[in-house]
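Written below as structure tokens is the structure these notes are about.
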Amino acid sequence: MSQEFDPRERQTLGEREASDLPPSLLAEVVAARRPVSLSSQVEARVMAAVRRRAASPRYSAWHWFTAPSVPPWALLAAAAVVLALVLLRPAPVGSPGAASPLAAAAGPESVYVRFILVAPNARQVALAGTFNSWDPAAAPLVRAGAEGTWTVTVALPVGQHQYSFIVDGRRWVPDPAAPAVDDGFGRRNSVVSVSAAQGRVL
Amino acid sequence: MRRSSAFVALVLLCGPGLAAQVGVSARLAGRVPPAVATAVSALVDSARTRGLPGAPLVDKALEGAVKGVPTDRILTAVRTVLEQLDASASAQRAAGSLAPGDDAIEAGAFALAAGLTPADVGAIARSADPTHPTAVALQVAGALAALGVPRAETVGLVRASIRSGQPVGDLVSLPGQVQAAMARGALPAAAAAGLERAAAHQAPQPHGQGKGRDNPHKP
Amino acid sequence: MIQGDRVERTVEPSDGAVVRAVLTGDVEQYAVLVRRYKDRYARYASRMLGSVDAAEDAVQDALIRAYDRLAQCREPENFAGWFFLILRNRCFAERRRDRRSDGLDQARELTAPEVSHAALERAEQVRSLEQALLQLTPEQREVFLLKHVEELSYDEIAARVSTGVPALKMRMHRAYDRLRELLGETR
């Protein structure tokens, strides 16, 4: 760091350091320390801008499946984490007997995943899957403002899960944006795959 | 209240095996008809005896009940899951894995449900290595198949990715990459073939040399 | 969103986990970071810019910019420090904008003697420390705020703003001199 002052001033600085804050300013400085809270509107405005960006063509709908801008560190971290993915048996919600001792010892490893369904004529939408024991009441979706979009965010244990949407309490609708497998009952279940480092990978 | 304390007493007296069984009953109680609960508990018991996980059976029963499916169809579906778990475990044992873990068995069952054959499951299990565990490889394979990638391309892509010695994160991201290509208009088979060619261009690791390199647990 | 709220109380994700979740597509999770950090630097921003309204604009802009550039956050676990720098740049840019619209010398950023000259002309209007601070250069105001209002050590300040401690002490030295100048006649 280059010298910005000459050695004679250094001594003056040292003295000033000892006295620290000029005492005449102390009362006002203490008053200036009172915390400042911003209005709750800040969050709403920021998230509105964030959602607009996420919905724009530049951030295409497929971005959140492929995450092309996932930085290299996230992929490198996946190597260590995916080993954990295999070693940990994620505990399904509501099944105390199914968790392995390893999973309990390592603590919950969950990642938030957002599910979206566009259903303009629906009166209610729910999300049911292996992660919530197919309980239609466990994860209701809420309207997300734009033109019949419904959404919910849930914490999913690391691993692979099957799920489906339930529209108006009776119509089982697979996720149009996810791959599907035969459910054994004549319908299709959607598949979601989650890793700790990369979040939703499928 | 009384029922749960009775369960607790049973658990304390009879140990973890019964505790697991009690766990199954607790999950099913009130959510499936009693006949289904009884039958599924017996199937879970049978699965455990054969070293297979029971949770997927319970999941399928709960799913069928919520979907309003008749009892006999629920039980058929649950038996199908058991058969898939069994086939998955057998294929992996035949491929040289002495005691496949629950995750690997379930992942193989998922791959079978998605359209792969036991031979495919075995081929993938054989190509797994410490940095590309079987469960992960089978989950990826099942996901590719669920996207519509044909069997041959699915197995080829997974094996090529593992052989290329790239970090496991690359393997995990394959289904997403195929989805992206499909969003741009590619057919699943072509998308997978393209990714396989890219993986094949990576310098293949001499046998045994690449296996420990990306393992964070090795010094 | 009942399920989400219930889970947030029992599974509290780290900043790094939230950043990763947002980067892989779960955009709604960004609200977790917004809630965590919207007030964290609000006091700093309001004292740097002179009003809570200006601070609100700056924090809002900085949070949106942080989202736009999230993939460039190299240490997701230190989102706080990275976000602070974005906000800091925004505060410094704002002061430059204000100077331009103030009618003072706009050709380049003002140095201390010129501001002091202008401030002396308005000495009778300077009634409080807060107003006096606004007459300092942004760098001087910042070191004063971080040391005495945010109560950081010189080492902590140096780490946040990537400036050496001797240079920071020099800025503080000049800040004290000018505050004395601005407030001396009224005390």
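Naming scheme: A, B, ... for chains in displayed order of the structure tokens; residues 1 onward per chain; ligands 1 onward as shown.
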| request: Return as number ranges by chain the residues belonging to chain C that are within 8 Å of chain A, counting only C-alpha atoms. | output: C: 1-4, 7, 11, 17, 20-21, 23-31, 34-35, 38-39, 42-43, 46, 52, 56, 60-61, 63-64, 67, 71-72, 128-130, 148-150, 164, 167, 169-170, 173, 176
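Residue nearest B:Arg73 within the list A:Asp183, A:Glu147, A:Asp168, A:Asp175: A:Asp183 [criterion: smallest interatomic distance, only C-alpha atoms].
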| query | When you draw a straight line from atom CA of B:Ala77 to atom CA of B:Gly101, how long is it in Å? | reply |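 Separation between atom CA of B:Ala77 and atom CA of B:Gly101: 22.7 Å.
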| task | Mind giving me the straight-line distance from atom CA of B:Ala128 to atom CA of B:Ile162 in Å, one decimal? | result | 7.0 Å
| Neighbour list for B:Leu75 as a list in words, cut-off 8 Å, only C-alpha atoms, skip fewer than 6 positions in-chain | Val36, Ala39, Val40 and Ala61 of chain B
Could you write those residues out with N, CA and C atoms, as a JSON list (two decimals), in the first residue's frame?
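The resulting file, again-v3.json, is reproduced below:
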```json
[["chain", "number", "residue", "atom", "x", "y", "z"],
["B", 36, "VAL", "N", -56.37, -53.85, 2.80],
["B", 36, "VAL", "CA", -55.16, -53.43, 2.10],
["B", 36, "VAL", "C", -54.00, -53.33, 3.08],
["B", 39, "ALA", "N", -52.71, -56.80, 3.88],
["B", 39, "ALA", "CA", -52.00, -57.42, 2.76],
["B", 39, "ALA", "C", -50.66, -56.76, 2.51],
["B", 40, "VAL", "N", -50.65, -55.43, 2.59],
["B", 40, "VAL", "CA", -49.40, -54.71, 2.32],
["B", 40, "VAL", "C", -48.37, -55.00, 3.41],
["B", 61, "ALA", "N", -49.19, -48.11, -1.97],
["B", 61, "ALA", "CA", -50.51, -48.36, -1.39],
["B", 61, "ALA", "C", -51.21, -47.05, -1.03]]
```
| said: List as a list of chain:residue names the protein and nucleic acid residues near B:Thr154, meaning an atom at most 8 Å away when only C-alpha atoms are counted, but skip any in the same chain fewer than 3 places from it. | reply: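 Final neighbour list, sorted by chain and number: B:Ala141, B:Leu144, B:Ala145, B:Val149, B:Pro150, B:Arg151, B:Leu157, B:Val158, B:Ala192.
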For stretch 50-60 of chain B, list every protein, DNA or RNA residue within 8 Å, evaluated using only C-alpha atoms, and leave out those in the same chain fewer than 2 positions away; present the list as an mmCIF file with N, CA and C atoms, in the first residue's frame.
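The resulting part06.cif:
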```cif
data_model
loop_
_atom_site.group_PDB
_atom_site.id
_atom_site.type_symbol
_atom_site.label_atom_id
_atom_site.label_comp_id
_atom_site.auth_asym_id
_atom_site.auth_seq_id
_atom_site.Cartn_x
_atom_site.Cartn_y
_atom_site.Cartn_z
ATOM 1 N N ALA A 98 -39.157 -45.564 8.664
ATOM 2 C CA ALA A 98 -38.444 -45.814 7.417
ATOM 3 C C ALA A 98 -37.075 -45.156 7.361
ATOM 4 N N THR A 130 -44.548 -38.857 -3.218
ATOM 5 C CA THR A 130 -43.906 -39.766 -2.278
ATOM 6 C C THR A 130 -43.292 -38.990 -1.111
ATOM 7 N N SER A 133 -46.186 -38.552 1.476
ATOM 8 C CA SER A 133 -47.065 -39.714 1.615
ATOM 9 C C SER A 133 -48.370 -39.559 0.833
ATOM 10 N N TRP A 134 -48.309 -38.873 -0.295
ATOM 11 C CA TRP A 134 -49.474 -38.692 -1.160
ATOM 12 C C TRP A 134 -50.653 -38.070 -0.409
ATOM 13 N N VAL B 24 -44.868 -49.354 9.474
ATOM 14 C CA VAL B 24 -45.709 -49.553 8.293
ATOM 15 C C VAL B 24 -47.176 -49.409 8.668
ATOM 16 N N ARG B 27 -48.172 -45.881 9.216
ATOM 17 C CA ARG B 27 -48.311 -45.096 7.981
ATOM 18 C C ARG B 27 -49.624 -45.399 7.272
ATOM 19 N N LEU B 28 -50.039 -46.658 7.326
ATOM 20 C CA LEU B 28 -51.223 -47.046 6.568
ATOM 21 C C LEU B 28 -52.522 -46.802 7.329
ATOM 22 N N VAL B 40 -50.646 -55.428 2.590
ATOM 23 C CA VAL B 40 -49.396 -54.706 2.315
ATOM 24 C C VAL B 40 -48.373 -54.996 3.412
ATOM 25 N N LEU B 43 -46.759 -58.110 2.573
ATOM 26 C CA LEU B 43 -45.834 -57.962 1.447
ATOM 27 C C LEU B 43 -44.547 -57.276 1.892
ATOM 28 N N VAL B 44 -44.663 -56.305 2.777
ATOM 29 C CA VAL B 44 -43.469 -55.625 3.293
ATOM 30 C C VAL B 44 -42.601 -56.614 4.072
ATOM 31 N N ASP B 45 -43.263 -57.454 4.846
ATOM 32 C CA ASP B 45 -42.565 -58.490 5.592
ATOM 33 C C ASP B 45 -41.771 -59.384 4.646
ATOM 34 N N SER B 46 -42.457 -59.805 3.588
ATOM 35 C CA SER B 46 -41.822 -60.669 2.600
ATOM 36 C C SER B 46 -40.647 -59.948 1.942
ATOM 37 N N ALA B 47 -40.831 -58.680 1.639
ATOM 38 C CA ALA B 47 -39.751 -57.909 1.009
ATOM 39 C C ALA B 47 -38.531 -57.867 1.923
ATOM 40 N N ARG B 48 -38.779 -57.578 3.193
ATOM 41 C CA ARG B 48 -37.662 -57.459 4.140
ATOM 42 C C ARG B 48 -36.891 -58.765 4.235
ATOM 43 N N LEU B 62 -50.461 -46.156 -0.402
ATOM 44 C CA LEU B 62 -51.032 -44.850 -0.048
ATOM 45 C C LEU B 62 -51.471 -44.102 -1.296
ATOM 46 N N GLU B 63 -50.632 -44.186 -2.338
ATOM 47 C CA GLU B 63 -50.956 -43.497 -3.581
ATOM 48 C C GLU B 63 -52.256 -44.038 -4.164
ATOM 49 N N GLY B 64 -52.383 -45.360 -4.203
ATOM 50 C CA GLY B 64 -53.589 -45.965 -4.769
ATOM 51 C C GLY B 64 -54.828 -45.578 -3.990
ATOM 52 N N ILE B 74 -54.996 -51.852 -6.263
ATOM 53 C CA ILE B 74 -53.919 -51.365 -5.390
ATOM 54 C C ILE B 74 -52.936 -52.494 -5.120
ATOM 55 N N ALA B 77 -50.781 -53.365 -8.027
ATOM 56 C CA ALA B 77 -49.707 -52.384 -8.233
ATOM 57 C C ALA B 77 -48.606 -52.563 -7.202
ATOM 58 N N VAL B 78 -48.984 -52.822 -5.954
ATOM 59 C CA VAL B 78 -47.989 -53.023 -4.909
ATOM 60 C C VAL B 78 -47.141 -54.256 -5.210
ATOM 61 N N ARG B 79 -47.795 -55.319 -5.690
ATOM 62 C CA ARG B 79 -47.030 -56.533 -6.047
ATOM 63 C C ARG B 79 -46.091 -56.252 -7.206
ATOM 64 N N VAL B 81 -44.600 -53.419 -7.803
ATOM 65 C CA VAL B 81 -43.456 -52.714 -7.230
ATOM 66 C C VAL B 81 -42.503 -53.721 -6.593
ATOM 67 N N LEU B 82 -43.053 -54.679 -5.863
ATOM 68 C CA LEU B 82 -42.222 -55.691 -5.216
ATOM 69 C C LEU B 82 -41.438 -56.484 -6.263
ATOM 70 N N LEU B 85 -38.610 -54.339 -7.509
ATOM 71 C CA LEU B 85 -37.520 -54.283 -6.527
ATOM 72 C C LEU B 85 -36.709 -55.575 -6.570
ATOM 73 N N ASP B 86 -37.425 -56.688 -6.671
ATOM 74 C CA ASP B 86 -36.765 -57.979 -6.701
ATOM 75 C C ASP B 86 -35.892 -58.112 -7.944
ATOM 76 N N ALA B 89 -32.789 -55.916 -7.650
ATOM 77 C CA ALA B 89 -31.767 -56.471 -6.764
ATOM 78 C C ALA B 89 -31.073 -57.663 -7.421
ATOM 79 N N ASP B 102 -30.484 -50.156 -0.319
ATOM 80 C CA ASP B 102 -31.881 -49.804 -0.599
ATOM 81 C C ASP B 102 -31.987 -48.766 -1.710
ATOM 82 N N ILE B 105 -31.365 -50.377 -5.037
ATOM 83 C CA ILE B 105 -32.472 -51.256 -5.417
ATOM 84 C C ILE B 105 -33.663 -50.421 -5.881
ATOM 85 N N GLU B 106 -33.998 -49.378 -5.118
ATOM 86 C CA GLU B 106 -35.135 -48.532 -5.512
ATOM 87 C C GLU B 106 -34.873 -47.830 -6.833
#
```
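Between atom CA of C:Ala158 and atom CA of C:Leu182 lies a distance of 26.7 Å.
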